[in-house]
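**Student:** Sending over a structure as structure tokens; questions will come in a sec.
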Amino acid sequence: MSEQSIGIFDSGVGGTSIWKEIHKLLPNENTMYLADSKNAPYGSKGKDAIIELSIKNTEYLLNKNCKLIVVACNTATTNAIDYLRETYQVPFIGIEPAIKPAALKTKTNAIGILATKGTLSSALFSKTSSLFTSNISVIEQVGEGIVELIESGQLDSDDMKDLLRVYLKPMIDAQIDYLVLGCTHYPYLIPLLINLLPKHVKIIDSGEAVARQTKTILEKNNLLNTDDLRSKSLFYINKKVDVMQSLLGSKFEVDYLDF
Ligand code: DGL
């Protein structure tokens, strides 16, 4: 059982930021990653469409015998994880914008959240946000167009810088001291964001927390891989492989798969 893979999916290449944290913390674990780039972005789709795509990805991973599924996508988590947990037996780990630590730590009483429309408009996000942010101001910003630019390899392009400047301006004007990254594609923008934000603004993403939670749930369910052999990391994408390949480096191979 424990040698079975951890299944991970995202609407595209962004969830590799989560895979990296999982691989760092759990190097013994075999993993299988699905990038559904053919259907990206999920963030502009409705809840039913996001659930349907999440079912497709989950069933592919379960047919490959995965022991646990990481939904490495805020948009799919906030719209579909309840359905997935009710429907399938395996444990699911999701990712949500880390509003709580930002809300607890802010000194300026203003935090910014950059996420997709699908995440910001979800009931799960509203619920979490209302629990922790009643006394502070929260500048929410839809990152329209960012996922598409990352998927096409334009991480550091002028178009990306222009978009980010526009999206960050209201947050900087409101004097945020924390920026929460609510999309797994966005950690790849951290070098750019550091340059565009005032020095005192801290950036929070949930990658490490997801990896820790994955470990806890594997331990609880007696699913950790105790085998010492080198682990296998499989990456599949249903569009061109080049952008994902460059995000992962030459040590890992990305394959095209029509799922
Ligand atoms: N990585 C996905 C997320 O975390 C991007 C969603 C999209 O495809 O719009 O929300």
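Note on naming: chains are A, B, ... as they come in the structure tokens, residues start from 1 per chain, ligands start from 1 in the order shown.
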What are the nearest atom pairs, with distances in Å to one decimal, for all residues of chain A that come at most 8 Å from ligand 1, using only C-alpha atoms and all ligand atoms, set out by chain and rising residue number as JSON lines?
**Tutor:**
```
{"residue": "A:Asp10", "atom": "CA", "partner": "ligand 1", "partner_atom_place_in_ligand_line": "1 (N)", "distance": 5.8}
{"residue": "A:Ser11", "atom": "CA", "partner": "ligand 1", "partner_atom_place_in_ligand_line": "8 (O)", "distance": 4.7}
{"residue": "A:Gly12", "atom": "CA", "partner": "ligand 1", "partner_atom_place_in_ligand_line": "8 (O)", "distance": 6.5}
{"residue": "A:Val13", "atom": "CA", "partner": "ligand 1", "partner_atom_place_in_ligand_line": "1 (N)", "distance": 7.4}
{"residue": "A:Gly14", "atom": "CA", "partner": "ligand 1", "partner_atom_place_in_ligand_line": "1 (N)", "distance": 4.9}
{"residue": "A:Gly15", "atom": "CA", "partner": "ligand 1", "partner_atom_place_in_ligand_line": "1 (N)", "distance": 5.8}
{"residue": "A:Ser37", "atom": "CA", "partner": "ligand 1", "partner_atom_place_in_ligand_line": "8 (O)", "distance": 7.9}
{"residue": "A:Asn39", "atom": "CA", "partner": "ligand 1", "partner_atom_place_in_ligand_line": "8 (O)", "distance": 7.8}
{"residue": "A:Ala40", "atom": "CA", "partner": "ligand 1", "partner_atom_place_in_ligand_line": "8 (O)", "distance": 4.6}
{"residue": "A:Pro41", "atom": "CA", "partner": "ligand 1", "partner_atom_place_in_ligand_line": "8 (O)", "distance": 3.2}
{"residue": "A:Tyr42", "atom": "CA", "partner": "ligand 1", "partner_atom_place_in_ligand_line": "8 (O)", "distance": 3.8}
{"residue": "A:Gly43", "atom": "CA", "partner": "ligand 1", "partner_atom_place_in_ligand_line": "9 (O)", "distance": 3.3}
{"residue": "A:Ser44", "atom": "CA", "partner": "ligand 1", "partner_atom_place_in_ligand_line": "9 (O)", "distance": 6.3}
{"residue": "A:Ala72", "atom": "CA", "partner": "ligand 1", "partner_atom_place_in_ligand_line": "4 (O)", "distance": 6.5}
{"residue": "A:Cys73", "atom": "CA", "partner": "ligand 1", "partner_atom_place_in_ligand_line": "4 (O)", "distance": 3.5}
{"residue": "A:Asn74", "atom": "CA", "partner": "ligand 1", "partner_atom_place_in_ligand_line": "4 (O)", "distance": 3.8}
{"residue": "A:Thr75", "atom": "CA", "partner": "ligand 1", "partner_atom_place_in_ligand_line": "10 (O)", "distance": 4.0}
{"residue": "A:Ala76", "atom": "CA", "partner": "ligand 1", "partner_atom_place_in_ligand_line": "10 (O)", "distance": 6.7}
{"residue": "A:Ile95", "atom": "CA", "partner": "ligand 1", "partner_atom_place_in_ligand_line": "4 (O)", "distance": 7.7}
{"residue": "A:Ala115", "atom": "CA", "partner": "ligand 1", "partner_atom_place_in_ligand_line": "10 (O)", "distance": 6.7}
{"residue": "A:Thr116", "atom": "CA", "partner": "ligand 1", "partner_atom_place_in_ligand_line": "9 (O)", "distance": 5.7}
{"residue": "A:Lys117", "atom": "CA", "partner": "ligand 1", "partner_atom_place_in_ligand_line": "9 (O)", "distance": 7.8}
{"residue": "A:Gly118", "atom": "CA", "partner": "ligand 1", "partner_atom_place_in_ligand_line": "9 (O)", "distance": 7.4}
{"residue": "A:Thr119", "atom": "CA", "partner": "ligand 1", "partner_atom_place_in_ligand_line": "10 (O)", "distance": 6.6}
{"residue": "A:Val147", "atom": "CA", "partner": "ligand 1", "partner_atom_place_in_ligand_line": "9 (O)", "distance": 5.9}
{"residue": "A:Gly182", "atom": "CA", "partner": "ligand 1", "partner_atom_place_in_ligand_line": "4 (O)", "distance": 6.4}
{"residue": "A:Cys183", "atom": "CA", "partner": "ligand 1", "partner_atom_place_in_ligand_line": "4 (O)", "distance": 3.3}
{"residue": "A:Thr184", "atom": "CA", "partner": "ligand 1", "partner_atom_place_in_ligand_line": "4 (O)", "distance": 4.0}
{"residue": "A:His185", "atom": "CA", "partner": "ligand 1", "partner_atom_place_in_ligand_line": "1 (N)", "distance": 4.8}
{"residue": "A:Tyr186", "atom": "CA", "partner": "ligand 1", "partner_atom_place_in_ligand_line": "1 (N)", "distance": 7.7}
```
**Student:** Suppose we keep N, CA, C and O atoms; can you now write the selection as a short mmCIF file (atom, residue, chain, number, x, y, z; two decimals), in the first residue's frame?
**Tutor:**
```cif
data_model
loop_
_atom_site.label_atom_id
_atom_site.label_comp_id
_atom_site.auth_asym_id
_atom_site.auth_seq_id
_atom_site.Cartn_x
_atom_site.Cartn_y
_atom_site.Cartn_z
N ASP A 10 -3.50 19.73 -10.87
CA ASP A 10 -3.76 21.17 -10.95
C ASP A 10 -4.32 21.44 -12.34
O ASP A 10 -4.24 20.59 -13.24
N SER A 11 -4.85 22.64 -12.52
CA SER A 11 -5.32 23.05 -13.84
C SER A 11 -4.14 23.19 -14.81
O SER A 11 -4.36 23.38 -16.00
N GLY A 12 -2.93 23.13 -14.31
CA GLY A 12 -1.79 23.32 -15.20
C GLY A 12 -0.48 23.11 -14.48
O GLY A 12 -0.37 22.25 -13.60
N VAL A 13 0.49 23.98 -14.81
CA VAL A 13 1.86 23.77 -14.31
C VAL A 13 2.07 24.31 -12.89
O VAL A 13 3.06 23.98 -12.24
N GLY A 14 1.13 25.14 -12.40
CA GLY A 14 1.34 25.83 -11.12
C GLY A 14 1.49 24.91 -9.92
O GLY A 14 2.29 25.17 -9.02
N GLY A 15 0.74 23.81 -9.93
CA GLY A 15 0.78 22.89 -8.79
C GLY A 15 2.14 22.24 -8.61
O GLY A 15 2.40 21.62 -7.57
N SER A 37 -3.50 21.34 -18.39
CA SER A 37 -3.30 22.64 -19.04
C SER A 37 -4.25 22.87 -20.22
O SER A 37 -4.56 24.01 -20.56
N ASN A 39 -7.27 22.47 -20.21
CA ASN A 39 -8.50 23.10 -19.69
C ASN A 39 -8.23 24.32 -18.81
O ASN A 39 -9.15 24.85 -18.18
N ALA A 40 -6.96 24.77 -18.73
CA ALA A 40 -6.66 25.97 -17.93
C ALA A 40 -7.11 27.22 -18.70
O ALA A 40 -7.10 27.20 -19.93
N PRO A 41 -7.50 28.28 -18.01
CA PRO A 41 -7.59 28.36 -16.56
C PRO A 41 -8.92 27.82 -16.02
O PRO A 41 -9.95 27.93 -16.68
N TYR A 42 -8.87 27.23 -14.83
CA TYR A 42 -10.10 26.81 -14.16
C TYR A 42 -10.80 28.02 -13.54
O TYR A 42 -11.99 28.02 -13.33
N GLY A 43 -10.00 29.03 -13.20
CA GLY A 43 -10.49 30.14 -12.38
C GLY A 43 -11.62 30.95 -12.99
O GLY A 43 -12.37 31.60 -12.27
N SER A 44 -11.78 30.89 -14.31
CA SER A 44 -12.87 31.65 -14.92
C SER A 44 -14.07 30.75 -15.22
O SER A 44 -15.05 31.19 -15.82
N ALA A 72 -3.82 20.29 -5.91
CA ALA A 72 -2.81 21.35 -5.83
C ALA A 72 -3.27 22.60 -6.58
O ALA A 72 -2.53 23.19 -7.37
N CYS A 73 -4.50 22.98 -6.30
CA CYS A 73 -5.14 24.09 -7.01
C CYS A 73 -6.16 24.71 -6.06
O CYS A 73 -7.07 24.01 -5.59
N ASN A 74 -5.99 25.98 -5.77
CA ASN A 74 -6.94 26.66 -4.87
C ASN A 74 -8.35 26.67 -5.46
O ASN A 74 -9.34 26.51 -4.76
N THR A 75 -8.42 26.86 -6.77
CA THR A 75 -9.73 26.97 -7.44
C THR A 75 -10.48 25.65 -7.36
O THR A 75 -11.69 25.62 -7.06
N ALA A 76 -9.78 24.54 -7.61
CA ALA A 76 -10.43 23.23 -7.54
C ALA A 76 -10.76 22.87 -6.09
O ALA A 76 -11.82 22.31 -5.80
N ILE A 95 -5.79 22.91 -0.95
CA ILE A 95 -5.04 24.14 -0.66
C ILE A 95 -5.98 25.33 -0.77
O ILE A 95 -6.74 25.47 -1.71
N ALA A 115 -5.85 36.03 -6.13
CA ALA A 115 -6.34 34.66 -6.40
C ALA A 115 -7.20 34.68 -7.66
O ALA A 115 -7.42 35.74 -8.25
N THR A 116 -7.71 33.54 -8.05
CA THR A 116 -8.56 33.51 -9.24
C THR A 116 -9.99 33.91 -8.87
O THR A 116 -10.37 33.89 -7.69
N LYS A 117 -10.77 34.22 -9.90
CA LYS A 117 -12.17 34.57 -9.69
C LYS A 117 -12.90 33.40 -9.03
O LYS A 117 -13.69 33.56 -8.11
N GLY A 118 -12.60 32.19 -9.52
CA GLY A 118 -13.24 30.98 -8.98
C GLY A 118 -13.00 30.79 -7.50
O GLY A 118 -13.88 30.35 -6.77
N THR A 119 -11.80 31.13 -7.04
CA THR A 119 -11.48 31.00 -5.61
C THR A 119 -12.16 32.11 -4.81
O THR A 119 -12.83 31.85 -3.81
N VAL A 147 -2.51 33.31 -14.92
CA VAL A 147 -2.32 31.88 -15.15
C VAL A 147 -1.97 31.63 -16.63
O VAL A 147 -1.06 30.87 -16.96
N GLY A 182 -3.05 33.23 -3.48
CA GLY A 182 -4.16 32.28 -3.45
C GLY A 182 -4.28 31.45 -4.70
O GLY A 182 -5.38 31.09 -5.10
N CYS A 183 -3.16 31.15 -5.33
CA CYS A 183 -3.18 30.33 -6.54
C CYS A 183 -1.81 29.67 -6.64
O CYS A 183 -0.79 30.33 -6.42
N THR A 184 -1.81 28.38 -6.94
CA THR A 184 -0.53 27.65 -6.90
C THR A 184 0.41 28.02 -8.05
O THR A 184 1.58 27.64 -8.04
N HIS A 185 -0.09 28.74 -9.02
CA HIS A 185 0.81 29.25 -10.07
C HIS A 185 1.66 30.41 -9.54
O HIS A 185 2.76 30.66 -10.04
N TYR A 186 1.13 31.15 -8.59
CA TYR A 186 1.75 32.43 -8.23
C TYR A 186 3.10 32.36 -7.50
O TYR A 186 3.88 33.32 -7.59
#
```
**Student:** Quick check for you: according to DSSP on this backbone, which residues of range 20-249 of chain A are classed as strand (DSSP E or B)? Reply as a PyMOL selection string.
**Tutor:** chain A and resi 31-35+68-71+92-93+110-115+137-142+178-182+202-204+233-237
**Student:** Do you know which residues are at most 12 Å from Thr87 in chain A counting only C-alpha atoms, after dropping those on the same chain fewer than 4 positions away, and could you put them as a PDB file with N, CA, C and O atoms, in the first residue's frame?
**Tutor:**
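The resulting file, selection21.pdb, is reproduced below:
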```
ATOM      1  N   ILE A  51     -15.959  21.177 -10.849  1.00  0.00           N
ATOM      2  CA  ILE A  51     -16.179  19.859 -10.220  1.00  0.00           C
ATOM      3  C   ILE A  51     -15.980  18.746 -11.256  1.00  0.00           C
ATOM      4  O   ILE A  51     -15.303  17.748 -10.999  1.00  0.00           O
ATOM      5  N   SER A  54     -12.382  18.226 -11.958  1.00  0.00           N
ATOM      6  CA  SER A  54     -11.723  17.631 -10.787  1.00  0.00           C
ATOM      7  C   SER A  54     -12.035  16.136 -10.696  1.00  0.00           C
ATOM      8  O   SER A  54     -11.165  15.334 -10.321  1.00  0.00           O
ATOM      9  N   ILE A  55     -13.257  15.750 -11.069  1.00  0.00           N
ATOM     10  CA  ILE A  55     -13.632  14.326 -11.085  1.00  0.00           C
ATOM     11  C   ILE A  55     -12.773  13.589 -12.122  1.00  0.00           C
ATOM     12  O   ILE A  55     -12.213  12.524 -11.854  1.00  0.00           O
ATOM     13  N   THR A  58      -9.231  13.236 -10.768  1.00  0.00           N
ATOM     14  CA  THR A  58      -9.204  12.317  -9.625  1.00  0.00           C
ATOM     15  C   THR A  58      -9.347  10.878 -10.095  1.00  0.00           C
ATOM     16  O   THR A  58      -8.606   9.984  -9.662  1.00  0.00           O
ATOM     17  N   GLU A  59     -10.294  10.644 -11.017  1.00  0.00           N
ATOM     18  CA  GLU A  59     -10.527   9.254 -11.446  1.00  0.00           C
ATOM     19  C   GLU A  59      -9.329   8.722 -12.211  1.00  0.00           C
ATOM     20  O   GLU A  59      -8.989   7.539 -12.095  1.00  0.00           O
ATOM     21  N   ALA A  80     -14.482  22.213  -5.338  1.00  0.00           N
ATOM     22  CA  ALA A  80     -14.789  20.790  -5.573  1.00  0.00           C
ATOM     23  C   ALA A  80     -14.403  19.841  -4.455  1.00  0.00           C
ATOM     24  O   ALA A  80     -14.823  18.682  -4.484  1.00  0.00           O
ATOM     25  N   ILE A  81     -13.626  20.274  -3.466  1.00  0.00           N
ATOM     26  CA  ILE A  81     -13.082  19.267  -2.537  1.00  0.00           C
ATOM     27  C   ILE A  81     -14.178  18.610  -1.678  1.00  0.00           C
ATOM     28  O   ILE A  81     -14.092  17.416  -1.371  1.00  0.00           O
ATOM     29  N   ASP A  82     -15.224  19.342  -1.339  1.00  0.00           N
ATOM     30  CA  ASP A  82     -16.307  18.719  -0.556  1.00  0.00           C
ATOM     31  C   ASP A  82     -16.918  17.571  -1.353  1.00  0.00           C
ATOM     32  O   ASP A  82     -17.140  16.475  -0.826  1.00  0.00           O
ATOM     33  N   TYR A  83     -17.168  17.844  -2.636  1.00  0.00           N
ATOM     34  CA  TYR A  83     -17.743  16.804  -3.495  1.00  0.00           C
ATOM     35  C   TYR A  83     -16.799  15.599  -3.572  1.00  0.00           C
ATOM     36  O   TYR A  83     -17.228  14.453  -3.439  1.00  0.00           O
ATOM     37  N   PRO A  91      -7.999   9.654   1.118  1.00  0.00           N
ATOM     38  CA  PRO A  91      -7.877  11.002   1.707  1.00  0.00           C
ATOM     39  C   PRO A  91      -7.542  12.050   0.634  1.00  0.00           C
ATOM     40  O   PRO A  91      -6.800  11.759  -0.308  1.00  0.00           O
ATOM     41  N   PHE A  92      -8.109  13.242   0.817  1.00  0.00           N
ATOM     42  CA  PHE A  92      -7.810  14.377  -0.069  1.00  0.00           C
ATOM     43  C   PHE A  92      -7.146  15.489   0.741  1.00  0.00           C
ATOM     44  O   PHE A  92      -7.588  15.805   1.844  1.00  0.00           O
TER      45      PHE A  92
END
```
**Student:** Expressed in Å to a single decimal, how great is the separation between CA of Thr133 in chain A and CA of Tyr167 in chain A?
**Tutor:** 20.5 Å
**Student:** So that I can check the surroundings of Asp156 in chain A, please list as a short mmCIF file (atom, residue, chain, number, x, y, z; two decimals) with all heavy atoms, in the first residue's frame every protein, DNA and RNA residue that reaches within 10 Å of it, counting only C-alpha atoms and ignoring chain neighbours fewer than 3 positions away.
**Tutor:**
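Listed below is the output, selection14.cif:
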```cif
data_model
loop_
_atom_site.label_atom_id
_atom_site.label_comp_id
_atom_site.auth_asym_id
_atom_site.auth_seq_id
_atom_site.Cartn_x
_atom_site.Cartn_y
_atom_site.Cartn_z
N LEU A 149 -0.51 33.60 -18.75
CA LEU A 149 0.87 34.01 -19.05
C LEU A 149 1.88 32.97 -18.53
O LEU A 149 2.84 32.63 -19.22
CB LEU A 149 1.17 35.38 -18.45
CG LEU A 149 0.58 36.59 -19.19
CD1 LEU A 149 0.86 37.87 -18.41
CD2 LEU A 149 1.12 36.71 -20.60
N ILE A 150 1.63 32.46 -17.32
CA ILE A 150 2.55 31.45 -16.77
C ILE A 150 2.50 30.18 -17.62
O ILE A 150 3.54 29.59 -17.96
CB ILE A 150 2.23 31.15 -15.29
CG1 ILE A 150 2.50 32.39 -14.45
CG2 ILE A 150 3.06 29.96 -14.77
CD1 ILE A 150 2.11 32.29 -12.99
N GLY A 153 4.63 30.35 -20.50
CA GLY A 153 6.05 30.52 -20.24
C GLY A 153 6.49 31.97 -20.08
O GLY A 153 7.68 32.26 -20.05
N ASP A 159 4.42 41.97 -20.19
CA ASP A 159 2.97 41.85 -19.97
C ASP A 159 2.69 41.44 -18.53
O ASP A 159 1.77 41.96 -17.88
CB ASP A 159 2.36 40.79 -20.91
CG ASP A 159 2.27 41.31 -22.33
OD1 ASP A 159 2.51 42.51 -22.55
OD2 ASP A 159 1.97 40.49 -23.23
N MET A 160 3.51 40.52 -18.02
CA MET A 160 3.31 40.07 -16.64
C MET A 160 3.57 41.23 -15.68
O MET A 160 2.79 41.47 -14.74
CB MET A 160 4.25 38.90 -16.33
CG MET A 160 4.10 38.35 -14.94
SD MET A 160 2.52 37.55 -14.68
CE MET A 160 2.91 35.89 -15.26
N LYS A 161 4.66 41.94 -15.91
CA LYS A 161 4.99 43.06 -14.99
C LYS A 161 3.88 44.11 -15.01
O LYS A 161 3.49 44.64 -13.97
CB LYS A 161 6.32 43.69 -15.40
CG LYS A 161 7.50 42.83 -15.03
CD LYS A 161 8.80 43.42 -15.53
CE LYS A 161 9.86 42.33 -15.50
NZ LYS A 161 10.94 42.50 -16.44
N TYR A 188 5.63 31.08 -8.42
CA TYR A 188 6.66 31.30 -9.44
C TYR A 188 6.89 32.78 -9.71
O TYR A 188 7.84 33.16 -10.38
CB TYR A 188 6.31 30.56 -10.73
CG TYR A 188 6.53 29.07 -10.60
CD1 TYR A 188 5.46 28.18 -10.62
CD2 TYR A 188 7.81 28.57 -10.41
CE1 TYR A 188 5.67 26.82 -10.47
CE2 TYR A 188 8.03 27.20 -10.26
CZ TYR A 188 6.96 26.34 -10.29
OH TYR A 188 7.20 24.99 -10.13
N LEU A 189 6.00 33.63 -9.21
CA LEU A 189 6.13 35.09 -9.42
C LEU A 189 6.83 35.78 -8.26
O LEU A 189 7.01 37.01 -8.29
CB LEU A 189 4.74 35.71 -9.61
CG LEU A 189 3.92 35.18 -10.77
CD1 LEU A 189 2.53 35.79 -10.74
CD2 LEU A 189 4.62 35.49 -12.09
N PRO A 191 9.90 36.21 -7.15
CA PRO A 191 11.00 37.14 -7.40
C PRO A 191 10.51 38.48 -7.98
O PRO A 191 10.97 39.55 -7.59
CB PRO A 191 11.87 36.40 -8.42
CG PRO A 191 11.52 34.96 -8.27
CD PRO A 191 10.09 34.91 -7.82
N LEU A 192 9.53 38.40 -8.88
CA LEU A 192 8.97 39.60 -9.49
C LEU A 192 8.18 40.42 -8.46
O LEU A 192 8.30 41.66 -8.38
CB LEU A 192 8.03 39.14 -10.61
CG LEU A 192 7.81 40.02 -11.81
CD1 LEU A 192 9.14 40.34 -12.45
CD2 LEU A 192 6.92 39.28 -12.84
#
```
**Student:** Would you mind telling me which residue in A:Ala209, A:Ile111, A:Ala123, A:Met32 lies nearest to Gly94 in chain A when using only C-alpha atoms?
**Tutor:**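 With only C-alpha atoms as the atom set, the closest residue is A:Ala209.
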**Student:** Taking the backbone alone, and naming residues the way the document does, which bits of range 68-174 of chain A are helix (DSSP H, G or I) by DSSP, as a PyMOL selection string?
**Tutor:** chain A and resi 74-87+99-105+117-120+123-132+146-151+158-173
**Student:** If you measure from CA of Ala103 in chain A to CA of Phe132 in chain A, what distance in Å do you get, rounded to one decimal?
**Tutor:**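 Between CA of Ala103 in chain A and CA of Phe132 in chain A the gap works out to 6.3 Å.
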**Student:** Pick out the closest residue to Asn135 in chain A from this set: A:Ser157, A:Ser121, A:Asn109, A:Asn65. Count only C-alpha atoms.
**Tutor:**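 Looking only at the distances to Asn135 in chain A, the closest residue turns out to be A:Asn109.
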**Student:** What does the distance from CA of Glu3 in chain A to CA of Lys56 in chain A come to in Å, to one decimal?
**Tutor:**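 One can read the CA of Glu3 in chain A to CA of Lys56 in chain A distance as 23.3 Å.
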**Student:** Point out the residue among A:Ala49, A:Ala35, A:Leu114, A:Val70 with the least atom-to-atom distance to Lys240 in chain A, counting only C-alpha atoms.
**Tutor:**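 Using only C-alpha atoms, Lys240 in chain A sits closest to A:Ala35.
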**Student:** For each of A:Ser250, A:Ser17, A:Thr226, A:Ser137, take the minimum atom-to-atom distance to Leu181 in chain A, counting only C-alpha atoms, then give the residue where this is smallest.
**Tutor:**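 Under the stated criterion, the closest residue is A:Ser17.
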**Student:** Do you know which residues are at most 9 Å from Glu21 in chain A counting only C-alpha atoms, after dropping those on the same chain fewer than 5 positions away, and could you put them as a list in words?
**Tutor:**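 Listing them by chain and then by number gives Thr16, Leu26, Gly207, Glu208, Ala209, Val210, Ala211 and Arg212 of chain A.
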